[in-house]
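Next up, final_34.txt (compact mmCIF, C-alpha atoms):
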# COMPACT_ATOMS: atom_id res chain seq x y z
CA MET H 18 10.39 -7.56 -26.76
CA SER H 19 13.52 -7.61 -24.72
CA PHE H 20 17.07 -7.40 -26.04
CA ILE H 21 19.44 -9.91 -24.47
CA ASN H 22 23.08 -9.06 -25.07
CA TYR H 23 25.44 -11.88 -24.08
CA ALA H 24 28.46 -9.89 -25.25
CA SER H 25 27.94 -7.07 -22.74
CA ARG H 26 25.84 -9.20 -20.36
CA GLU H 27 22.88 -6.85 -20.44
CA ILE H 28 19.18 -7.23 -20.77
CA ASN H 29 17.02 -4.32 -21.96
CA CYS H 30 13.26 -4.07 -21.54
CA LYS H 31 10.67 -1.50 -22.61
CA ILE H 32 7.87 -0.23 -20.36
CA VAL H 33 5.15 2.01 -21.78
CA TYR H 34 2.97 4.33 -19.67
CA TYR H 35 -0.45 4.66 -21.32
CA GLY H 36 -3.55 6.67 -20.39
CA PRO H 37 -5.80 9.59 -21.33
CA GLY H 38 -4.51 13.15 -21.81
CA LEU H 39 -3.36 14.92 -18.62
CA CYS H 40 -3.65 11.77 -16.48
CA GLY H 41 -0.07 12.11 -15.21
CA LYS H 42 2.09 9.79 -17.34
CA THR H 43 4.86 12.35 -17.78
CA THR H 44 4.59 13.29 -14.07
CA ASN H 45 5.20 9.63 -13.17
CA LEU H 46 8.41 9.61 -15.20
CA GLN H 47 9.50 12.98 -13.82
CA PHE H 48 9.14 11.72 -10.27
CA VAL H 49 11.11 8.54 -11.04
CA TYR H 50 13.79 10.70 -12.64
CA GLN H 51 14.01 13.05 -9.65
CA LYS H 52 14.27 10.28 -7.11
CA THR H 53 16.72 8.01 -8.89
CA ALA H 54 20.46 8.11 -8.15
CA PRO H 55 22.45 9.76 -11.00
CA GLU H 56 24.44 6.60 -11.72
CA ALA H 57 21.26 4.56 -12.24
CA LYS H 58 19.59 6.82 -14.76
CA GLY H 59 20.23 8.40 -18.14
CA LYS H 60 18.92 11.66 -19.48
CA MET H 61 15.16 12.10 -19.57
CA ILE H 62 13.94 13.17 -22.97
CA SER H 63 10.57 14.85 -23.48
CA LEU H 64 9.30 15.56 -26.95
CA ALA H 65 6.61 18.04 -25.97
CA THR H 66 4.71 20.99 -27.40
CA GLU H 67 5.34 24.57 -26.24
CA THR H 68 2.56 24.13 -23.70
CA GLU H 69 4.32 21.08 -22.23
CA ARG H 70 1.88 18.55 -23.65
CA THR H 71 3.58 15.34 -24.82
CA LEU H 72 3.88 15.48 -28.60
CA PHE H 73 5.59 12.18 -29.36
CA PHE H 74 7.00 10.54 -26.22
CA ASP H 75 8.98 10.91 -23.01
CA PHE H 76 11.92 8.58 -22.53
CA LEU H 77 13.81 7.63 -19.38
CA PRO H 78 16.47 4.89 -19.26
CA LEU H 79 16.97 3.22 -15.87
CA ALA H 80 19.53 0.68 -14.70
CA LEU H 81 18.11 -1.39 -11.88
CA GLY H 82 21.12 -3.48 -10.97
CA GLU H 83 22.31 -7.00 -11.70
CA ILE H 84 20.57 -10.33 -11.68
CA ARG H 85 22.83 -13.37 -12.04
CA GLY H 86 25.55 -11.28 -13.65
CA PHE H 87 23.22 -9.60 -16.13
CA LYS H 88 22.71 -5.84 -15.94
CA THR H 89 18.99 -5.13 -16.12
CA ARG H 90 17.99 -1.96 -17.90
CA PHE H 91 14.49 -0.62 -18.27
CA HIS H 92 13.51 1.96 -20.85
CA LEU H 93 10.46 3.91 -19.73
CA TYR H 94 8.30 5.56 -22.38
CA THR H 95 5.08 7.57 -22.21
CA VAL H 96 2.65 8.01 -25.07
CA PRO H 97 0.92 11.28 -25.98
CA GLY H 98 -2.48 11.00 -24.33
CA GLN H 99 -4.52 13.35 -26.48
CA VAL H 100 -6.97 11.48 -28.70
CA PHE H 101 -5.71 12.86 -32.03
CA TYR H 102 -2.15 11.57 -31.51
CA ASP H 103 -3.21 7.97 -32.11
CA ALA H 104 -0.74 7.36 -34.96
CA SER H 105 2.15 8.27 -32.64
CA ARG H 106 0.81 6.09 -29.81
CA LYS H 107 0.84 3.03 -32.07
CA LEU H 108 4.51 3.56 -32.91
CA ILE H 109 5.57 3.76 -29.28
CA LEU H 110 3.93 0.44 -28.43
CA LYS H 111 6.26 -1.38 -30.84
CA GLY H 112 8.43 -3.87 -28.99
CA VAL H 113 6.80 -3.23 -25.62
CA ASP H 114 7.55 -5.62 -22.74
CA GLY H 115 5.17 -4.23 -20.13
CA VAL H 116 2.42 -1.62 -19.84
CA VAL H 117 1.31 0.72 -17.05
CA PHE H 118 -2.14 2.25 -17.45
CA VAL H 119 -2.37 5.57 -15.62
CA ALA H 120 -6.03 6.33 -14.93
CA ASP H 121 -7.22 9.80 -14.00
CA SER H 122 -9.40 9.24 -10.91
CA GLN H 123 -11.48 12.39 -11.36
CA GLU H 124 -15.19 11.69 -12.00
CA GLU H 125 -15.31 13.77 -15.16
CA ARG H 126 -12.44 11.75 -16.70
CA LEU H 127 -14.10 8.35 -16.28
CA ASP H 128 -15.16 8.15 -19.93
CA ALA H 129 -11.73 9.30 -21.09
CA ASN H 130 -10.14 6.46 -19.09
CA ILE H 131 -12.43 3.85 -20.62
CA GLU H 132 -11.83 5.19 -24.12
CA SER H 133 -8.07 5.20 -23.62
CA LEU H 134 -8.03 1.65 -22.27
CA GLU H 135 -10.04 0.46 -25.29
CA ASN H 136 -7.62 2.34 -27.53
CA LEU H 137 -4.70 0.57 -25.83
CA LYS H 138 -6.25 -2.83 -26.53
CA VAL H 139 -6.92 -2.00 -30.17
CA ASN H 140 -3.45 -0.60 -30.76
CA LEU H 141 -1.76 -3.57 -29.09
CA GLU H 142 -3.76 -6.00 -31.20
CA GLU H 143 -2.62 -4.16 -34.31
CA GLN H 144 0.95 -4.94 -33.27
CA GLY H 145 0.10 -8.57 -32.63
CA TYR H 146 -0.07 -8.34 -28.83
CA GLN H 147 -2.84 -9.16 -26.40
CA LEU H 148 -3.12 -7.02 -23.29
CA GLU H 149 -4.12 -10.04 -21.21
CA LYS H 150 -0.82 -11.74 -22.05
CA LEU H 151 1.42 -8.75 -21.38
CA PRO H 152 2.81 -7.70 -17.99
CA PHE H 153 0.22 -5.04 -17.11
CA VAL H 154 -0.31 -2.82 -14.06
CA MET H 155 -3.11 -0.34 -13.28
CA GLN H 156 -2.49 2.94 -11.50
CA TYR H 157 -5.35 5.11 -10.18
CA ASN H 158 -3.73 8.52 -10.17
CA LYS H 159 -4.77 11.84 -8.58
CA ARG H 160 -6.27 10.21 -5.49
CA ASP H 161 -5.55 13.44 -3.57
CA LEU H 162 -8.17 15.42 -5.50
CA PRO H 163 -11.63 16.03 -3.99
CA ASN H 164 -13.78 14.91 -6.94
CA VAL H 165 -12.50 11.37 -7.45
CA SER H 166 -14.56 8.30 -8.37
CA PRO H 167 -14.75 5.59 -5.70
CA LEU H 168 -12.10 2.91 -6.05
CA GLU H 169 -14.70 0.14 -6.49
CA GLU H 170 -16.19 1.91 -9.49
CA LEU H 171 -12.80 2.41 -11.17
CA ARG H 172 -11.86 -1.17 -10.44
CA SER H 173 -15.02 -2.65 -11.95
CA LEU H 174 -14.74 -0.51 -15.10
CA LEU H 175 -10.97 -0.49 -15.69
CA ASN H 176 -9.60 -3.56 -13.99
CA PRO H 177 -12.07 -6.43 -14.33
CA THR H 178 -9.25 -9.01 -14.68
CA ASN H 179 -7.69 -7.91 -11.41
CA VAL H 180 -4.15 -7.06 -12.47
CA PRO H 181 -1.93 -5.44 -9.81
CA GLU H 182 -3.33 -1.98 -9.04
CA TYR H 183 -2.06 1.03 -7.11
CA GLU H 184 -3.51 4.28 -5.88
CA ALA H 185 -1.22 7.17 -6.62
CA CYS H 186 -0.57 10.86 -6.51
CA ALA H 187 2.17 11.33 -9.08
CA THR H 188 2.87 14.96 -8.13
CA THR H 189 3.94 13.92 -4.61
CA GLY H 190 5.23 10.54 -5.78
CA GLU H 191 2.85 8.41 -3.80
CA GLY H 192 2.41 5.05 -5.52
CA VAL H 193 4.81 5.89 -8.36
CA PHE H 194 7.64 3.54 -7.45
CA GLU H 195 5.21 0.85 -6.29
CA THR H 196 3.68 0.88 -9.79
CA LEU H 197 7.07 0.77 -11.51
CA LYS H 198 8.33 -2.04 -9.31
CA ALA H 199 5.20 -4.07 -9.93
CA VAL H 200 5.47 -3.88 -13.71
CA ALA H 201 9.24 -4.49 -13.69
CA LYS H 202 8.69 -7.55 -11.54
CA LEU H 203 6.02 -8.91 -13.87
CA ILE H 204 8.38 -8.44 -16.83
CA LEU H 205 11.19 -10.30 -15.10
CA ILE H 206 8.83 -13.13 -14.16
CA ASP H 207 7.76 -13.24 -17.81
CA LEU H 208 11.41 -13.45 -18.92
CA LYS H 209 11.99 -16.19 -16.40
CA LYS H 210 9.27 -18.24 -18.02
CA GLY H 211 11.08 -17.60 -21.31
CA GLY H 212 7.72 -17.28 -23.00
CA ARG H 213 8.96 -14.70 -25.49
CA MET A 22 13.76 -12.88 -40.54
CA PHE A 23 12.86 -12.07 -36.97
CA GLY A 24 9.38 -12.68 -35.66
CA PRO A 25 7.65 -9.50 -34.52
CA GLN A 26 7.72 -10.56 -30.90
CA SER A 27 10.92 -12.56 -30.57
CA SER A 28 13.66 -11.20 -28.36
CA LEU A 29 16.78 -9.99 -30.07
CA VAL A 30 19.67 -12.02 -28.71
CA MET A 31 23.26 -10.98 -29.32
CA TYR A 32 26.30 -13.21 -28.85
CA ASP A 33 30.02 -12.40 -28.53
CA GLU A 34 30.96 -13.90 -31.88
CA GLU A 35 28.40 -11.97 -33.93
CA LEU A 36 29.04 -8.74 -32.03
CA LYS A 37 32.74 -9.01 -32.90
CA ARG A 38 31.90 -9.47 -36.57
CA ILE A 39 29.47 -6.53 -36.45
CA ASN A 40 32.02 -4.30 -34.76
CA ALA A 41 34.72 -5.26 -37.28
CA THR A 42 32.34 -4.35 -40.12
CA ILE A 43 31.29 -0.98 -38.76
CA GLU A 44 34.84 -0.09 -37.72
CA LYS A 45 35.87 -0.68 -41.31
CA LEU A 46 32.95 1.47 -42.44
CA LEU A 47 34.04 4.18 -40.00
CA ARG A 48 37.49 4.30 -41.61
CA GLU A 49 36.39 3.95 -45.22
CA ALA A 50 33.66 6.56 -44.95
CA ASN A 51 35.78 9.01 -42.88
CA ALA A 52 32.94 9.09 -40.36
CA LYS A 53 33.04 10.33 -36.74
CA VAL A 54 30.66 7.91 -35.07
CA ILE A 55 28.68 4.90 -36.21
CA PHE A 56 26.07 3.10 -34.20
CA LEU A 57 23.59 0.29 -34.65
CA VAL A 58 20.17 0.41 -33.03
CA ASP A 59 17.38 -2.11 -32.78
CA LYS A 60 14.13 -0.79 -34.31
CA ASN A 61 12.68 -0.68 -30.78
CA GLY A 62 15.32 1.80 -29.65
CA GLN A 63 17.86 -0.47 -27.97
CA LEU A 64 21.49 0.39 -28.72
CA ILE A 65 23.32 -2.64 -30.12
CA THR A 66 26.79 -1.18 -30.53
CA ALA A 67 28.64 2.09 -31.20
CA VAL A 68 32.13 2.85 -32.57
CA GLY A 69 34.14 6.05 -33.08
CA GLU A 70 34.20 9.23 -31.01
CA THR A 71 31.41 8.19 -28.63
CA GLU A 72 32.89 9.56 -25.36
CA HIS A 73 30.85 12.76 -25.32
CA LEU A 74 27.71 11.32 -26.87
CA ASP A 75 24.61 10.21 -25.03
CA THR A 76 24.27 7.04 -27.10
CA THR A 77 21.24 5.73 -25.17
CA SER A 78 19.21 8.85 -25.99
CA LEU A 79 20.49 8.87 -29.56
CA ALA A 80 19.35 5.28 -29.96
CA SER A 81 15.88 5.95 -28.61
CA LEU A 82 15.36 9.08 -30.72
CA THR A 83 16.70 7.41 -33.86
CA ALA A 84 14.21 4.59 -33.45
CA GLY A 85 11.43 7.13 -32.85
CA ASN A 86 12.52 8.97 -35.98
CA ILE A 87 12.50 5.79 -38.09
CA ALA A 88 9.13 4.80 -36.64
CA ALA A 89 7.65 8.22 -37.44
CA THR A 90 8.98 8.31 -41.00
CA GLY A 91 7.84 4.70 -41.43
CA GLY A 92 4.35 5.86 -40.45
CA LEU A 93 4.59 8.68 -43.00
CA ALA A 94 5.73 6.22 -45.68
CA LYS A 95 2.72 3.98 -45.10
CA LEU A 96 0.37 6.97 -45.36
CA ILE A 97 1.55 7.67 -48.89
CA GLY A 98 1.63 4.00 -49.87
CA GLU A 99 5.36 3.30 -49.43
CA LYS A 100 6.65 0.34 -47.42
CA GLU A 101 9.29 2.42 -45.65
CA PHE A 102 11.87 5.10 -46.33
CA SER A 103 15.05 3.09 -46.10
CA ILE A 104 17.45 6.07 -45.99
CA LEU A 105 17.17 9.32 -44.03
CA PHE A 106 19.65 12.16 -44.17
CA HIS A 107 19.85 15.09 -41.76
CA GLU A 108 22.18 17.94 -42.64
CA GLY A 109 23.57 20.17 -39.90
CA GLU A 110 25.98 23.12 -39.89
CA LYS A 111 28.93 20.93 -38.95
CA ASP A 112 27.75 17.38 -38.45
CA ASN A 113 25.36 15.30 -40.50
CA LEU A 114 23.41 12.13 -39.84
CA HIS A 115 22.92 9.33 -42.34
CA ILE A 116 20.34 6.80 -41.14
CA SER A 117 19.51 3.59 -42.98
CA ILE A 118 17.63 0.38 -42.28
CA VAL A 119 19.63 -2.84 -42.47
CA ALA A 120 18.14 -6.31 -42.80
CA GLY A 121 14.68 -4.87 -42.20
CA ARG A 122 15.21 -4.74 -38.48
CA VAL A 123 18.25 -2.76 -37.39
CA ILE A 124 19.11 0.88 -37.93
CA LEU A 125 22.58 1.98 -38.99
CA VAL A 126 23.47 5.56 -38.06
CA VAL A 127 26.55 7.33 -39.43
CA ILE A 128 27.60 10.71 -38.04
CA PHE A 129 30.03 12.57 -40.29
CA ASP A 130 31.39 16.08 -40.87
CA GLN A 131 33.13 17.98 -43.69
CA ARG A 132 35.96 15.44 -43.77
CA SER A 133 33.56 13.16 -45.61
CA SER A 134 30.66 13.61 -48.01
CA LEU A 135 27.15 12.29 -48.46
CA GLY A 136 28.16 10.48 -51.66
CA LEU A 137 31.03 8.65 -49.98
CA VAL A 138 28.94 7.72 -46.95
CA ARG A 139 26.10 6.40 -49.12
CA LEU A 140 28.49 4.31 -51.19
CA ARG A 141 30.26 2.76 -48.20
CA VAL A 142 27.06 2.23 -46.24
CA LYS A 143 25.60 0.25 -49.12
CA LYS A 144 28.52 -2.18 -49.09
CA ALA A 145 28.60 -2.50 -45.31
CA SER A 146 24.82 -3.03 -45.20
CA ASP A 147 25.16 -6.21 -47.23
CA GLU A 148 27.79 -7.55 -44.84
CA LEU A 149 25.70 -6.60 -41.81
CA GLY A 150 22.67 -8.22 -43.41
CA ASP A 151 24.59 -11.50 -43.66
CA ILE A 152 25.64 -11.32 -40.01
CA PHE A 153 22.09 -10.68 -38.82
CA GLN A 154 20.88 -13.55 -40.97
CA ASP A 155 23.44 -15.83 -39.28
CA LEU A 156 22.29 -14.51 -35.92
CA ALA A 157 18.66 -15.25 -36.72
CA LYS A 158 19.58 -18.74 -37.91
CA LYS A 159 21.58 -19.36 -34.74
CA ALA A 160 18.62 -18.33 -32.62
CA GLU A 161 16.30 -20.57 -34.64
CA ASP A 162 18.65 -23.55 -34.40
CA MET A 163 19.06 -23.12 -30.68
CA GLU A 164 15.34 -22.85 -30.18
CA ALA A 165 14.69 -25.90 -32.36
CA GLY A 166 17.37 -27.88 -30.53
CA GLY A 167 16.02 -26.76 -27.19
CA GLU A 168 19.41 -25.25 -26.39
CA PHE A 169 18.28 -21.72 -25.83
CA GLN A 170 17.80 -21.04 -22.22
CA SER A 171 16.89 -17.63 -20.97
CA PRO A 172 19.58 -16.32 -18.62
CA PHE A 173 16.63 -15.54 -16.38
CA ALA A 174 15.26 -19.08 -16.28
CA GLU A 175 16.94 -19.78 -12.95
CA ILE A 176 16.16 -16.56 -11.10
CA THR A 177 14.20 -16.63 -7.90
CA ASP A 178 11.66 -14.22 -6.46
CA ASP A 179 14.38 -13.13 -4.02
CA ASP A 180 16.66 -12.13 -6.90
CA ILE A 181 13.88 -9.94 -8.27
CA ASP A 182 13.05 -8.44 -4.89
CA ASN A 183 16.71 -7.66 -4.26
CA LEU A 184 16.76 -5.36 -7.29
CA PHE A 185 14.35 -3.07 -5.51
CA SER A 186 15.77 -3.17 -2.03

Written form, structure tokens:
Amino acid sequence: MSFINYASREINCKIVYYGPGLCGKTTNLQFVYQKTAPEAKGKMISLATETERTLFFDFLPLALGEIRGFKTRFHLYTVPGQVFYDASRKLILKGVDGVVFVADSQEERLDANIESLENLKVNLEEQGYQLEKLPFVMQYNKRDLPNVSPLEELRSLLNPTNVPEYEACATTGEGVFETLKAVAKLILIDLKKGGR
Amino acid sequence: MFGPQSSLVMYDEELKRINATIEKLLREANAKVIFLVDKNGQLITAVGETEHLDTTSLASLTAGNIAATGGLAKLIGEKEFSILFHEGEKDNLHISIVAGRVILVVIFDQRSSLGLVRLRVKKASDELGDIFQDLAKKAEDMEAGGEFQSPFAEITDDDIDNLFS
């Protein structure tokens, strides 16, 4: 749910990175933060445990530039991926404009991906959203590792509706900006339609 | 008053009224900073000594805080906790929910007191509630009259691509 401010000529949108524990959601945001010019970003906030696991959320505000005299700002959030933080995940989905699902490509995490995607659908429905109607992008992360599932398998299990998808390695940044651009673009197209 | 998925739209006129109200609250409550945040974490406006404050982060964390305490409230059978108070060594935070949708945050120090802030916030909340009701009505009327047009209705694919070039 975007916030259109005619007084300051700004539009604010919320993007949520979702996915199973340790799939690389925080790493995605860290890479975006590192590679963004200082004037285009705010402070990155991570509410994490002592072992650097996300406890509540990470937050990164980005200013992308102007469209037709309106400053476009995107607020990037991650959810805590660990299964038992479900109550926190629900809260972060409130008011979401677009979702990125970060899948862990390793074979042994296949079930965790499927479970997390199901959890995303359930939690969105609780907030009155439908995943099919939201700007949604799929990222297959950790493609650099040796024990990854074939792309076709991931695609058939996680992306049957064929939303935009990207292979990535968030630690080196491969695919990170492509994913972000794709979801931002879908959100702007959605706003253009004025559907919400 | 607002649908769960409708965009919050702010206009010049209402923002001026909101700012006048919270500037008055700032003076009457002897506060340092006051800001208004959408429940989703978007900063609506801020007044007072904001130069050295990261208001974007404050807004996001405040909304996270309200969301988390709202979750706690539901677990014990409450609708929400409408007022939160955080006491620090020098500065304190008074957080309250206005009109069910926006969050009013008052930062104050020893020049004021919790009692004074609570009293003034209560009065200002009513005024802010009226303004947000007007805003909601305006949005409804515009939608009903077909007047509301997204500022993004006219954008082209090129405009979008240019953002990323």

Inset, instruction - Give the residues of chain H that lie within 7 Å of chain A; count all atoms listed in the file, and format the answer as a list in words. - result: Met18, Ser19, Phe20, Ile21, Asn22, Tyr23, Ala24, Leu81, Gly82, Ile84, Leu108, Lys111, Gly112, Lys202, Leu208, Lys209, Lys210, Gly211 and Arg213 of chain H

Inset, instruction - For region 172-182 of chain H, work out the shell of residues within 9 Å, counting all atoms listed in the file and skipping chain neighbours fewer than 4 positions away, then give it as a count of residues only. - result: 17

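Here CA of Leu203 (chain H) and CA of Phe91 (chain H) stand 12.6 Å from one another.
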
Legend entry - Between CA of Asp112 (chain A) and CA of Lys53 (chain A), distance in Å (one decimal): 9.0 Å

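The coordinates place CA of Met61 (chain H) at 7.3 Å from CA of Pro78 (chain H).
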
For region 65-72 of chain H, take all atoms listed in the file, fit an axis-aligned box around them, add 4 Å to each of the six sides, then output centre and edge lengths in Å rounded to one decimal, as JSON.
{"center_x": 4.2, "center_y": 20.0, "center_z": -25.4, "size_x": 12.7, "size_y": 17.2, "size_z": 14.4}

Legend entry - Near-Thr189 (chain H) list (9 Å; only C-alpha atoms; drop same-chain fewer than 4 positions) as a count of residues only: 3

As a PDB file with C-alpha atoms, keeping the file's coordinate frame, please: the residues near region 63-65 of chain H (cut-off 12 Å, only C-alpha atoms, same-chain neighbours under 5 positions excluded).
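Generated file (around37.pdb):
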ATOM      1  CA  LYS H  42       2.090   9.790 -17.340  1.00  0.00           C
ATOM      2  CA  THR H  43       4.860  12.350 -17.780  1.00  0.00           C
ATOM      3  CA  THR H  44       4.590  13.290 -14.070  1.00  0.00           C
ATOM      4  CA  LEU H  46       8.410   9.610 -15.200  1.00  0.00           C
ATOM      5  CA  GLN H  47       9.500  12.980 -13.820  1.00  0.00           C
ATOM      6  CA  ARG H  70       1.880  18.550 -23.650  1.00  0.00           C
ATOM      7  CA  THR H  71       3.580  15.340 -24.820  1.00  0.00           C
ATOM      8  CA  LEU H  72       3.880  15.480 -28.600  1.00  0.00           C
ATOM      9  CA  PHE H  73       5.590  12.180 -29.360  1.00  0.00           C
ATOM     10  CA  PHE H  74       7.000  10.540 -26.220  1.00  0.00           C
ATOM     11  CA  ASP H  75       8.980  10.910 -23.010  1.00  0.00           C
ATOM     12  CA  PHE H  76      11.920   8.580 -22.530  1.00  0.00           C
ATOM     13  CA  LEU H  77      13.810   7.630 -19.380  1.00  0.00           C
ATOM     14  CA  LEU H  93      10.460   3.910 -19.730  1.00  0.00           C
ATOM     15  CA  TYR H  94       8.300   5.560 -22.380  1.00  0.00           C
ATOM     16  CA  THR H  95       5.080   7.570 -22.210  1.00  0.00           C
ATOM     17  CA  VAL H  96       2.650   8.010 -25.070  1.00  0.00           C
ATOM     18  CA  PRO H  97       0.920  11.280 -25.980  1.00  0.00           C
ATOM     19  CA  GLY H  98      -2.480  11.000 -24.330  1.00  0.00           C
ATOM     20  CA  SER H 105       2.150   8.270 -32.640  1.00  0.00           C
TER      21      SER H 105
ATOM     22  CA  SER A  78      19.210   8.850 -25.990  1.00  0.00           C
ATOM     23  CA  SER A  81      15.880   5.950 -28.610  1.00  0.00           C
ATOM     24  CA  LEU A  82      15.360   9.080 -30.720  1.00  0.00           C
ATOM     25  CA  GLY A  85      11.430   7.130 -32.850  1.00  0.00           C
ATOM     26  CA  ASN A  86      12.520   8.970 -35.980  1.00  0.00           C
TER      27      ASN A  86
END

Inset, instruction - Write out as a VMD selection string which residues come within 9 Å of Leu141 (chain H) when counting all atoms listed in the file, dropping same-chain ones fewer than 4 positions away. - result: chain H and resid 107 110 to 111 136 to 137 145 to 148

Inset, instruction - Tell me which of A:Ile152, A:Ile55, A:Ala50, A:Ile97 sits closest to Ile116 (chain A), counting only C-alpha atoms. - result: A:Ile55

Could region 63-70 of chain H be completed with all heavy atoms and returned as a short mmCIF file (atom, residue, chain, number, x, y, z; two decimals), in the frame of the given file?
data_model
loop_
_atom_site.label_atom_id
_atom_site.label_comp_id
_atom_site.auth_asym_id
_atom_site.auth_seq_id
_atom_site.Cartn_x
_atom_site.Cartn_y
_atom_site.Cartn_z
N SER H 63 11.99 14.59 -23.28
CA SER H 63 10.57 14.85 -23.48
C SER H 63 10.37 15.55 -24.81
O SER H 63 10.89 16.64 -25.01
CB SER H 63 10.03 15.74 -22.36
OG SER H 63 9.93 15.00 -21.17
N LEU H 64 9.65 14.91 -25.69
CA LEU H 64 9.30 15.56 -26.95
C LEU H 64 7.91 16.14 -26.75
O LEU H 64 6.91 15.45 -26.88
CB LEU H 64 9.33 14.56 -28.11
CG LEU H 64 10.68 13.84 -28.29
CD1 LEU H 64 10.62 12.86 -29.44
CD2 LEU H 64 11.80 14.84 -28.53
N ALA H 65 7.87 17.42 -26.38
CA ALA H 65 6.61 18.04 -25.97
C ALA H 65 6.33 19.29 -26.78
O ALA H 65 7.22 19.85 -27.43
CB ALA H 65 6.66 18.38 -24.49
N THR H 66 5.09 19.75 -26.72
CA THR H 66 4.71 20.99 -27.40
C THR H 66 5.15 22.17 -26.53
O THR H 66 5.62 21.98 -25.40
CB THR H 66 3.19 21.08 -27.60
OG1 THR H 66 2.59 21.20 -26.30
CG2 THR H 66 2.64 19.86 -28.30
N GLU H 67 4.95 23.39 -27.01
CA GLU H 67 5.34 24.57 -26.24
C GLU H 67 4.54 24.70 -24.95
O GLU H 67 4.98 25.34 -24.00
CB GLU H 67 5.16 25.83 -27.09
CG GLU H 67 6.25 25.96 -28.14
CD GLU H 67 6.07 27.16 -29.03
OE1 GLU H 67 5.11 27.92 -28.81
OE2 GLU H 67 6.91 27.34 -29.93
N THR H 68 3.37 24.07 -24.93
CA THR H 68 2.56 24.13 -23.70
C THR H 68 2.78 22.89 -22.82
O THR H 68 1.95 22.56 -21.99
CB THR H 68 1.07 24.25 -24.03
OG1 THR H 68 0.73 23.21 -24.96
CG2 THR H 68 0.74 25.59 -24.65
N GLU H 69 3.93 22.22 -23.06
CA GLU H 69 4.32 21.08 -22.23
C GLU H 69 3.37 19.90 -22.33
O GLU H 69 3.25 19.12 -21.39
CB GLU H 69 4.47 21.50 -20.76
CG GLU H 69 5.38 22.68 -20.57
CD GLU H 69 6.64 22.36 -19.80
OE1 GLU H 69 6.56 21.53 -18.89
OE2 GLU H 69 7.69 22.92 -20.13
N ARG H 70 2.65 19.78 -23.43
CA ARG H 70 1.88 18.55 -23.65
C ARG H 70 2.76 17.61 -24.46
O ARG H 70 3.47 18.05 -25.36
CB ARG H 70 0.60 18.86 -24.46
CG ARG H 70 -0.34 19.84 -23.79
CD ARG H 70 -0.89 19.30 -22.49
NE ARG H 70 -1.59 18.05 -22.64
CZ ARG H 70 -2.89 17.92 -22.88
NH1 ARG H 70 -3.63 19.00 -22.98
NH2 ARG H 70 -3.46 16.74 -23.00
#
